[in-house]
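K.L.:
Below you'll find my_file_12.txt; it's compact mmCIF, C-alpha atoms.
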# COMPACT_ATOMS: atom_id res chain seq x y z
CA MET A 1 102.66 114.16 108.50
CA SER A 2 104.04 112.91 111.75
CA CYS A 3 101.85 112.61 114.79
CA GLY A 4 102.74 111.86 118.38
CA ALA A 5 105.33 112.79 120.94
CA SER A 6 109.05 112.38 120.69
CA PRO A 7 110.45 109.18 122.25
CA ARG A 8 112.67 111.43 124.38
CA ASP A 9 109.77 112.57 126.56
CA HIS A 10 109.25 109.06 127.97
CA HIS A 11 109.97 107.63 131.36
CA PRO A 12 112.53 104.78 131.18
CA ILE A 13 111.04 101.62 129.67
CA ARG A 14 113.62 99.03 130.71
CA LYS A 15 115.26 98.80 134.15
CA LYS A 16 117.15 96.15 136.07
CA ARG A 17 114.81 94.19 138.29
CA GLN A 18 114.52 95.77 141.72
CA ARG A 19 111.72 93.55 143.01
CA LEU A 20 109.98 90.29 142.35
CA SER A 21 107.21 91.08 139.88
CA PRO A 22 104.40 88.63 139.17
CA VAL A 23 105.14 86.99 135.85
CA LEU A 24 102.93 85.03 133.46
CA ALA A 25 104.52 81.69 132.64
CA SER A 26 105.50 82.02 128.99
CA PRO A 27 104.63 78.92 126.92
CA ARG A 28 107.53 77.19 125.18
CA ARG A 29 105.39 76.47 122.14
CA LEU A 30 102.33 78.02 120.58
CA PRO A 31 99.01 76.77 121.97
CA ASP A 32 96.57 74.94 119.74
CA PHE A 33 94.47 77.65 118.12
CA PRO A 34 90.98 76.50 117.09
CA VAL A 35 90.01 77.19 113.48
CA PHE A 36 86.34 78.21 113.32
CA ILE A 37 86.22 79.13 109.61
CA ASP A 38 86.85 77.04 106.50
CA PRO A 39 89.30 78.22 103.85
CA PRO A 40 87.57 79.74 100.81
CA ASP A 41 87.33 78.08 97.42
CA LEU A 42 89.35 80.50 95.28
CA THR A 43 89.02 78.48 92.08
CA PRO A 44 86.98 81.18 90.26
CA TRP A 45 89.64 83.81 90.97
CA GLU A 46 92.95 81.99 90.77
CA ASN A 47 93.60 82.76 87.10
CA GLY A 48 92.61 86.42 87.44
CA ASN A 49 90.99 88.42 84.65
CA ASN A 50 93.65 90.99 83.76
CA GLY A 51 96.66 88.84 82.91
CA ILE A 52 97.93 88.40 86.49
CA ALA A 53 96.97 85.31 88.49
CA GLY A 54 94.81 86.01 91.51
CA VAL A 55 93.95 89.57 90.46
CA ILE A 56 90.33 90.43 89.68
CA GLU A 57 89.78 93.83 88.03
CA ARG A 58 86.50 95.66 87.60
CA ASP A 59 86.30 98.92 85.68
CA SER A 60 83.36 101.25 86.24
CA GLY A 61 83.88 102.98 82.90
CA ARG A 62 83.86 106.35 84.69
CA PRO A 63 86.82 108.51 85.70
CA GLY A 64 88.01 107.90 89.23
CA PRO A 65 90.72 106.37 91.39
CA GLU A 66 92.38 103.01 90.93
CA ILE A 67 91.73 101.24 94.22
CA THR A 68 93.16 97.91 95.37
CA VAL A 69 92.10 95.51 98.11
CA VAL A 70 94.70 92.86 99.02
CA SER A 71 94.27 89.65 101.00
CA LEU A 72 96.49 86.63 101.64
CA ILE A 73 99.73 88.54 101.97
CA HIS A 74 100.13 85.78 104.56
CA GLY A 75 98.82 82.41 103.44
CA ASN A 76 97.25 81.43 106.76
CA GLU A 77 95.36 84.74 107.15
CA PHE A 78 92.39 83.89 104.94
CA ALA A 79 89.57 85.74 106.71
CA GLY A 80 90.16 88.64 104.30
CA ALA A 81 90.12 86.25 101.34
CA LEU A 82 86.79 84.85 102.53
CA ALA A 83 85.43 88.40 102.66
CA MET A 84 86.71 89.22 99.17
CA ASP A 85 85.36 85.94 97.78
CA ARG A 86 81.89 86.68 99.17
CA LEU A 87 81.82 90.23 97.79
CA LEU A 88 83.07 89.15 94.36
CA ARG A 89 80.32 86.53 94.20
CA GLU A 90 77.86 89.32 95.08
CA ASP A 91 79.32 91.24 92.10
CA ILE A 92 80.64 94.24 94.04
CA ARG A 93 81.52 97.12 91.70
CA PRO A 94 83.33 100.44 92.12
CA ILE A 95 81.30 103.66 91.95
CA CYS A 96 83.89 105.13 89.59
CA GLY A 97 87.41 104.35 88.48
CA VAL A 98 88.92 100.87 88.69
CA MET A 99 88.79 98.34 91.52
CA ARG A 100 91.18 95.40 91.90
CA PHE A 101 90.96 92.52 94.36
CA VAL A 102 94.30 90.76 94.88
CA PHE A 103 94.75 87.29 96.38
CA ALA A 104 98.44 87.70 97.05
CA ASN A 105 100.16 84.54 98.34
CA ILE A 106 97.97 81.80 96.94
CA ASN A 107 100.92 79.36 96.92
CA ALA A 108 101.28 79.60 100.70
CA PHE A 109 97.50 79.49 101.18
CA ARG A 110 97.33 76.13 99.39
CA HIS A 111 99.50 74.63 102.14
CA PHE A 112 97.11 75.55 104.96
CA GLN A 113 96.35 72.71 107.40
CA PRO A 114 93.88 73.23 110.28
CA ASN A 115 95.97 71.04 112.60
CA ASN A 116 99.02 73.28 112.02
CA PRO A 117 97.45 76.64 111.10
CA THR A 118 100.50 78.87 111.55
CA ALA A 119 102.77 76.92 109.20
CA SER A 120 101.45 78.36 105.93
CA ARG A 121 102.23 82.02 106.63
CA PHE A 122 104.69 81.98 103.72
CA ILE A 123 106.75 79.61 101.57
CA SER A 124 110.24 81.11 101.73
CA GLU A 125 109.98 84.58 103.27
CA ASP A 126 107.42 87.04 104.56
CA LEU A 127 105.69 88.72 101.61
CA ASN A 128 104.97 91.74 103.81
CA ARG A 129 108.65 92.59 104.39
CA VAL A 130 109.90 92.99 100.80
CA TRP A 131 108.37 96.24 99.53
CA SER A 132 111.37 98.58 99.75
CA ALA A 133 112.92 99.84 96.53
CA ASP A 134 116.17 98.06 97.39
CA ARG A 135 114.51 94.65 97.73
CA LEU A 136 112.36 95.08 94.64
CA HIS A 137 115.41 95.84 92.51
CA GLN A 138 117.19 92.65 93.58
CA PRO A 139 116.87 89.26 91.87
CA SER A 140 113.78 87.47 93.14
CA GLY A 141 115.37 84.55 95.02
CA SER A 142 112.11 83.28 96.54
CA SER A 143 108.52 82.54 95.56
CA GLU A 144 107.40 85.55 97.62
CA MET A 145 109.76 87.91 95.79
CA GLU A 146 108.61 86.50 92.46
CA ARG A 147 105.03 87.21 93.48
CA ALA A 148 105.89 90.72 94.70
CA LEU A 149 107.47 91.52 91.34
CA GLU A 150 104.44 90.05 89.52
CA LEU A 151 102.10 92.27 91.55
CA LEU A 152 104.30 95.36 91.40
CA PRO A 153 102.66 96.88 88.26
CA ILE A 154 99.31 96.77 90.10
CA ILE A 155 100.75 98.49 93.15
CA GLN A 156 102.45 101.15 91.04
CA ARG A 157 99.09 102.10 89.51
CA THR A 158 97.11 102.08 92.76
CA ASP A 159 95.85 105.36 94.21
CA LEU A 160 94.27 103.95 97.38
CA LEU A 161 95.16 100.60 98.97
CA LEU A 162 93.45 98.48 101.64
CA ASP A 163 95.60 95.58 102.88
CA LEU A 164 93.63 92.96 104.84
CA HIS A 165 95.27 91.14 107.73
CA SER A 166 94.34 89.36 110.94
CA MET A 167 96.11 88.52 114.21
CA LEU A 168 97.29 85.35 115.91
CA TRP A 169 96.52 86.50 119.45
CA ASP A 170 93.19 87.91 120.56
CA SER A 171 93.04 91.65 119.95
CA THR A 172 90.60 94.40 119.13
CA PRO A 173 90.65 95.34 115.43
CA LEU A 174 92.81 98.30 114.36
CA TYR A 175 94.01 100.24 111.34
CA ILE A 176 97.70 100.92 110.67
CA SER A 177 98.67 103.65 108.23
CA PRO A 178 101.86 105.39 107.14
CA SER A 179 102.26 108.83 108.71
CA THR A 180 101.31 110.77 105.58
CA ARG A 181 98.30 113.09 105.36
CA SER A 182 96.49 111.09 102.70
CA SER A 183 97.01 107.71 104.41
CA ILE A 184 95.89 109.01 107.79
CA ALA A 185 92.87 110.60 106.08
CA LEU A 186 92.05 107.21 104.53
CA ALA A 187 92.28 105.48 107.91
CA GLU A 188 90.15 108.19 109.52
CA MET A 189 87.56 107.87 106.75
CA LEU A 190 87.31 104.11 107.27
CA SER A 191 86.98 104.65 111.02
CA SER A 192 84.25 107.25 110.69
CA ARG A 193 81.30 104.88 110.87
CA GLU A 194 80.07 103.40 114.14
CA ASP A 195 80.59 99.78 113.10
CA THR A 196 84.23 100.40 112.06
CA GLN A 197 85.45 102.71 114.82
CA PHE A 198 88.65 100.88 115.63
CA LEU A 199 91.93 102.27 116.88
CA THR A 200 93.75 104.12 114.10
CA LEU A 201 97.49 103.79 114.43
CA THR A 202 100.69 105.07 112.92
CA ASP A 203 103.79 103.14 113.88
CA LEU A 204 107.57 102.91 113.49
CA GLY A 205 107.55 100.50 110.58
CA HIS A 206 108.48 96.84 110.93
CA MET A 207 111.94 95.76 112.02
CA GLY A 208 111.88 92.91 109.48
CA GLY A 209 111.48 95.06 106.35
CA SER A 210 109.09 97.30 104.44
CA ARG A 211 105.42 96.38 104.40
CA LEU A 212 103.15 96.79 101.38
CA ILE A 213 101.55 99.93 102.86
CA GLU A 214 105.06 101.44 102.98
CA HIS A 215 105.79 101.03 99.28
CA GLU A 216 107.14 104.30 97.88
CA ARG A 217 103.93 104.76 95.89
CA PHE A 218 102.10 105.55 99.15
CA ILE A 219 104.71 107.33 101.26
CA SER A 220 106.04 109.90 98.81
CA PRO A 221 105.55 113.37 100.33
CA GLY A 222 102.99 115.68 98.77
CA LYS A 223 101.12 112.92 96.94
CA SER A 224 97.40 112.23 97.30
CA ARG A 225 97.81 108.46 97.24
CA GLY A 226 97.18 106.54 100.46
CA SER A 227 97.34 103.11 102.05
CA VAL A 228 95.99 101.46 105.17
CA LEU A 229 96.37 98.03 106.75
CA LEU A 230 93.42 96.47 108.58
CA GLU A 231 94.10 94.04 111.42
CA ALA A 232 90.56 92.68 111.52
CA GLY A 233 90.73 90.37 114.54
CA GLN A 234 91.93 86.86 115.37
CA HIS A 235 92.87 84.81 112.30
CA TRP A 236 90.23 82.10 112.33
CA GLN A 237 87.11 83.69 113.80
CA GLN A 238 83.90 84.38 111.84
CA GLU A 239 83.74 87.85 113.38
CA THR A 240 87.04 88.67 111.64
CA VAL A 241 85.47 87.80 108.27
CA GLU A 242 82.46 90.01 108.98
CA THR A 243 84.71 92.91 110.05
CA SER A 244 86.68 92.57 106.81
CA ILE A 245 83.48 92.62 104.74
CA ARG A 246 82.24 95.81 106.41
CA VAL A 247 85.54 97.59 105.89
CA ILE A 248 85.87 96.51 102.23
CA ARG A 249 82.36 97.77 101.48
CA LEU A 250 83.14 101.09 103.15
CA PHE A 251 86.47 101.39 101.32
CA VAL A 252 84.87 100.78 97.90
CA GLU A 253 82.01 103.15 98.72
CA LYS A 254 84.10 106.02 100.13
CA ALA A 255 87.36 105.87 98.18
CA ALA A 256 86.18 108.23 95.46
CA HIS A 257 85.14 110.86 98.04
CA LEU A 258 88.66 110.98 99.45
CA TYR A 259 90.25 110.88 95.99
CA PHE A 260 88.27 113.83 94.64
CA ASP A 261 87.96 115.83 97.87
CA THR A 262 91.63 116.74 98.32
CA SER A 263 90.78 119.09 101.18
CA ARG A 264 90.00 116.03 103.28
CA ALA A 265 93.68 115.08 103.16
CA GLU A 266 94.74 118.57 104.24
CA HIS A 267 92.53 119.53 107.17
CA GLY A 268 91.06 118.15 110.34
CA LEU A 269 93.18 115.03 110.66
CA THR A 270 93.44 113.50 114.10
CA CYS A 271 95.64 110.50 114.76
CA HIS A 272 94.14 108.26 117.43
CA ALA A 273 97.43 106.73 118.53
CA THR A 274 101.03 106.51 117.47
CA VAL A 275 103.54 103.79 118.28
CA THR A 276 106.47 105.18 120.23
CA ASP A 277 108.39 102.02 121.09
CA ASN A 278 108.91 98.52 119.73
CA ILE A 279 109.79 96.18 122.59
CA VAL A 280 112.00 93.32 121.42
CA ALA A 281 112.70 90.29 123.63
CA ARG A 282 116.37 90.24 124.57
CA SER A 283 116.22 86.95 126.44
CA ALA A 284 114.57 83.56 126.08
CA SER A 285 112.66 84.18 129.32
CA PHE A 286 110.62 87.24 128.25
CA ALA A 287 107.20 87.02 129.92
CA PHE A 288 104.27 89.36 130.47
CA THR A 289 102.90 89.90 133.95
CA ARG A 290 99.46 88.87 132.69
CA PRO A 291 97.98 87.59 129.40
CA TYR A 292 97.30 91.01 127.89
CA LYS A 293 94.90 91.36 124.97
CA GLY A 294 95.83 93.64 122.10
CA GLY A 295 94.40 97.11 122.59
CA HIS A 296 94.62 96.93 126.39
CA ILE A 297 95.29 100.35 127.96
CA ILE A 298 97.65 100.66 130.94
CA GLU A 299 96.48 103.74 132.78
CA SER A 300 99.63 104.72 134.73
CA ALA A 301 103.21 105.35 133.61
CA GLY A 302 105.77 103.17 135.36
CA THR A 303 103.57 100.05 135.44
CA VAL A 304 105.53 96.81 135.03
CA ILE A 305 104.05 94.86 132.12
CA ALA A 306 106.75 92.23 131.54
CA THR A 307 110.11 90.88 132.59
CA ASP A 308 112.95 90.12 130.19
CA GLY A 309 115.78 88.24 131.85
CA ASP A 310 117.14 90.61 134.50
CA ASP A 311 115.07 93.53 133.22
CA GLU A 312 111.59 94.79 133.96
CA ILE A 313 109.59 96.45 131.19
CA PHE A 314 107.63 99.56 132.24
CA THR A 315 104.97 101.63 130.54
CA PRO A 316 106.61 104.96 129.59
CA TYR A 317 103.54 107.22 129.91
CA ASP A 318 99.95 107.25 131.14
CA HIS A 319 97.22 105.60 129.02
CA CYS A 320 99.73 103.41 127.19
CA VAL A 321 98.14 101.13 124.58
CA LEU A 322 99.57 97.63 124.10
CA ILE A 323 99.56 96.76 120.41
CA MET A 324 99.46 93.04 119.50
CA PRO A 325 101.38 91.56 122.46
CA ASN A 326 103.03 88.26 121.53
CA LEU A 327 102.40 85.86 124.40
CA CYS A 328 104.85 83.26 123.08
CA VAL A 329 107.73 85.46 121.99
CA ARG A 330 111.24 84.23 121.30
CA ARG A 331 114.48 86.09 121.83
CA GLY A 332 115.00 88.67 119.09
CA GLN A 333 111.29 88.82 118.20
CA LEU A 334 108.98 91.78 118.63
CA ALA A 335 107.12 91.27 121.90
CA VAL A 336 104.77 94.28 121.88
CA ARG A 337 104.41 97.80 120.51
CA LEU A 338 103.66 100.65 122.90
CA ALA A 339 101.37 103.40 121.59
CA ARG A 340 100.37 106.82 122.90
CA ARG A 341 96.75 107.86 122.54
CA LEU A 342 96.32 111.36 121.12
Any chance you could put this one into structure tokens?
P.N.:
Amino acid sequence: MSCGASPRDHHPIRKKRQRLSPVLASPRRLPDFPVFIDPPDLTPWENGNNGIAGVIERDSGRPGPEITVVSLIHGNEFAGALAMDRLLREDIRPICGVMRFVFANINAFRHFQPNNPTASRFISEDLNRVWSADRLHQPSGSSEMERALELLPIIQRTDLLLDLHSMLWDSTPLYISPSTRSSIALAEMLSSREDTQFLTLTDLGHMGGSRLIEHERFISPGKSRGSVLLEAGQHWQQETVETSIRVIRLFVEKAAHLYFDTSRAEHGLTCHATVTDNIVARSASFAFTRPYKGGHIIESAGTVIATDGDDEIFTPYDHCVLIMPNLCVRRGQLAVRLARRL
């Protein structure tokens, strides 16, 4: 199911500069981000218990969905792994069906250094850009592709998927789902409780390649399987760990309700926001007019939010939501997503 307005009903987003707009000086290098949480000890889980390293499986013994929670798709985003570690030590169990916890890129995680916390995102390539059928049918060629192929049998059996992530820049938490009925229903279900009422988003995909939530298992039309990605907060904050714990608990508790109540995936879905535009920096001098936080709402269409060389970047409609603005963007990188609230 698609939600949102057509890009054609926008005001222009990019215009040649007509006036001198106030511009935030864009840093030439990333600032030093403080790390307020310690990496988890994953020793008990590294070997796995179902034949695949880093995969912990628990079977309820009762019929139900196969659900999967994934952390460490990016090796430096370990708040989700801390949450999973805590819940596994508390012996979390599925109500019915099978639950799997996946620590995805353990090799990259092992390289984490607090004095250079962004360097261990991956070893060779981004593990969250390789999940298209074309890539998965190619020879591996990297440690991330080898890991994707190792985890593929798990993904191909999963009915409902929760992929845990966090963000480099300060931002309010949000859910991202494919624009299918069952995935949107999953995101809406996870956002139904007061302590998890974050922005629920569908977007345009990622310019760098297919993410795990976009694997064909979850985007095939007419299927009841669903996936959702949680951006739980800034990478190295304790609050991000606590948010991840709350969402995992809710996912494990509620997954069976969505799986068995197929009417929930057919009626009453409301998409909170949909991404309409990906703004890519065309110059090395891209800069925002102020240090926007992710989730910030620009009330009026036509507001200048950034400059990019000789261009000004405008909001294309009223109540425009800025999704994960990159305050240290390089030319060719995604600077910000623009989303319309619905």
K.L.:
Need the shell around Leu136 (chain A): protein/DNA/RNA residues with any atom at most 8 Å away, counting all atoms listed in the file. Skip same-chain ones fewer than 3 positions apart. Format as a VMD selection string?
P.N.:
chain A and resid 130 to 133 139 to 140 145 148 to 149
K.L.:
Pick out the closest residue to Asp126 (chain A) from this set: A:Ser210, A:Thr172, A:Thr289, A:Ser179. Count only C-alpha atoms.
P.N.:
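Using only C-alpha atoms, Asp126 (chain A) sits closest to A:Ser210.
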K.L.:
Excluding same-chain residues fewer than 3 positions from Pro221 (chain A), what lies within 9 Å of it counting only C-alpha atoms, as a list in words?
P.N.:
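Neighbouring residues, sequence-local ones excluded: Met1, Thr180, Arg181, Phe218 and Ser224 of chain A.
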K.L.:
Ser244 (chain A): which residues within 12 Å, counting only C-alpha atoms, same-chain residues fewer than 3 positions away excluded, as a PyMOL selection string?
P.N.:
chain A and resi 69-71+77-87+162-166+173-175+190+195-196+229-235+237-241+247-251
K.L.:
Give me a file of those residues, with C-alpha atoms, as a PDB file, keeping the file's coordinate frame.
P.N.:
ATOM      1  CA  VAL A  69      92.100  95.510  98.110  1.00  0.00           C
ATOM      2  CA  VAL A  70      94.700  92.860  99.020  1.00  0.00           C
ATOM      3  CA  SER A  71      94.270  89.650 101.000  1.00  0.00           C
ATOM      4  CA  GLU A  77      95.360  84.740 107.150  1.00  0.00           C
ATOM      5  CA  PHE A  78      92.390  83.890 104.940  1.00  0.00           C
ATOM      6  CA  ALA A  79      89.570  85.740 106.710  1.00  0.00           C
ATOM      7  CA  GLY A  80      90.160  88.640 104.300  1.00  0.00           C
ATOM      8  CA  ALA A  81      90.120  86.250 101.340  1.00  0.00           C
ATOM      9  CA  LEU A  82      86.790  84.850 102.530  1.00  0.00           C
ATOM     10  CA  ALA A  83      85.430  88.400 102.660  1.00  0.00           C
ATOM     11  CA  MET A  84      86.710  89.220  99.170  1.00  0.00           C
ATOM     12  CA  ASP A  85      85.360  85.940  97.780  1.00  0.00           C
ATOM     13  CA  ARG A  86      81.890  86.680  99.170  1.00  0.00           C
ATOM     14  CA  LEU A  87      81.820  90.230  97.790  1.00  0.00           C
ATOM     15  CA  LEU A 162      93.450  98.480 101.640  1.00  0.00           C
ATOM     16  CA  ASP A 163      95.600  95.580 102.880  1.00  0.00           C
ATOM     17  CA  LEU A 164      93.630  92.960 104.840  1.00  0.00           C
ATOM     18  CA  HIS A 165      95.270  91.140 107.730  1.00  0.00           C
ATOM     19  CA  SER A 166      94.340  89.360 110.940  1.00  0.00           C
ATOM     20  CA  PRO A 173      90.650  95.340 115.430  1.00  0.00           C
ATOM     21  CA  LEU A 174      92.810  98.300 114.360  1.00  0.00           C
ATOM     22  CA  TYR A 175      94.010 100.240 111.340  1.00  0.00           C
ATOM     23  CA  LEU A 190      87.310 104.110 107.270  1.00  0.00           C
ATOM     24  CA  ASP A 195      80.590  99.780 113.100  1.00  0.00           C
ATOM     25  CA  THR A 196      84.230 100.400 112.060  1.00  0.00           C
ATOM     26  CA  LEU A 229      96.370  98.030 106.750  1.00  0.00           C
ATOM     27  CA  LEU A 230      93.420  96.470 108.580  1.00  0.00           C
ATOM     28  CA  GLU A 231      94.100  94.040 111.420  1.00  0.00           C
ATOM     29  CA  ALA A 232      90.560  92.680 111.520  1.00  0.00           C
ATOM     30  CA  GLY A 233      90.730  90.370 114.540  1.00  0.00           C
ATOM     31  CA  GLN A 234      91.930  86.860 115.370  1.00  0.00           C
ATOM     32  CA  HIS A 235      92.870  84.810 112.300  1.00  0.00           C
ATOM     33  CA  GLN A 237      87.110  83.690 113.800  1.00  0.00           C
ATOM     34  CA  GLN A 238      83.900  84.380 111.840  1.00  0.00           C
ATOM     35  CA  GLU A 239      83.740  87.850 113.380  1.00  0.00           C
ATOM     36  CA  THR A 240      87.040  88.670 111.640  1.00  0.00           C
ATOM     37  CA  VAL A 241      85.470  87.800 108.270  1.00  0.00           C
ATOM     38  CA  VAL A 247      85.540  97.590 105.890  1.00  0.00           C
ATOM     39  CA  ILE A 248      85.870  96.510 102.230  1.00  0.00           C
ATOM     40  CA  ARG A 249      82.360  97.770 101.480  1.00  0.00           C
ATOM     41  CA  LEU A 250      83.140 101.090 103.150  1.00  0.00           C
ATOM     42  CA  PHE A 251      86.470 101.390 101.320  1.00  0.00           C
TER      43      PHE A 251
END
K.L.:
Could you work out how far CA of Met167 (chain A) lies from CA of Arg14 (chain A), giving the answer in Å with one decimal?
P.N.:
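So the two atoms, CA of Arg14 (chain A) and CA of Met167 (chain A), lie 26.3 Å apart.
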K.L.:
Out of A:Ile313, A:Ala273, A:Leu152, A:Met324, which residue has the shortest atom-to-atom distance to His296 (chain A) when counting only C-alpha atoms?
P.N.:
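So, comparing all the options, the nearest one is A:Met324.
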K.L.:
Using only C-alpha atoms, which of the listed residues (A:Val304, A:Ala185, A:Ile56, A:Ile297) sits closest to Lys16 (chain A)?
P.N.:
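Between A:Val304, A:Ala185, A:Ile56, A:Ile297, the residue approaching Lys16 (chain A) most closely is A:Val304.
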K.L.:
So how far away is CA of Gln113 (chain A) from CA of Thr43 (chain A), in Å?
P.N.:
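For CA of Thr43 (chain A) relative to CA of Gln113 (chain A), the distance reads 17.9 Å.
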K.L.:
Given the choices A:Ile245, A:Met189, A:Asp310, A:Ile176, which gets closest to Asp261 (chain A) if the distance is worked out from only C-alpha atoms?
P.N.:
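Ranking A:Ile245, A:Met189, A:Asp310, A:Ile176 by distance to Asp261 (chain A), first place goes to A:Met189.
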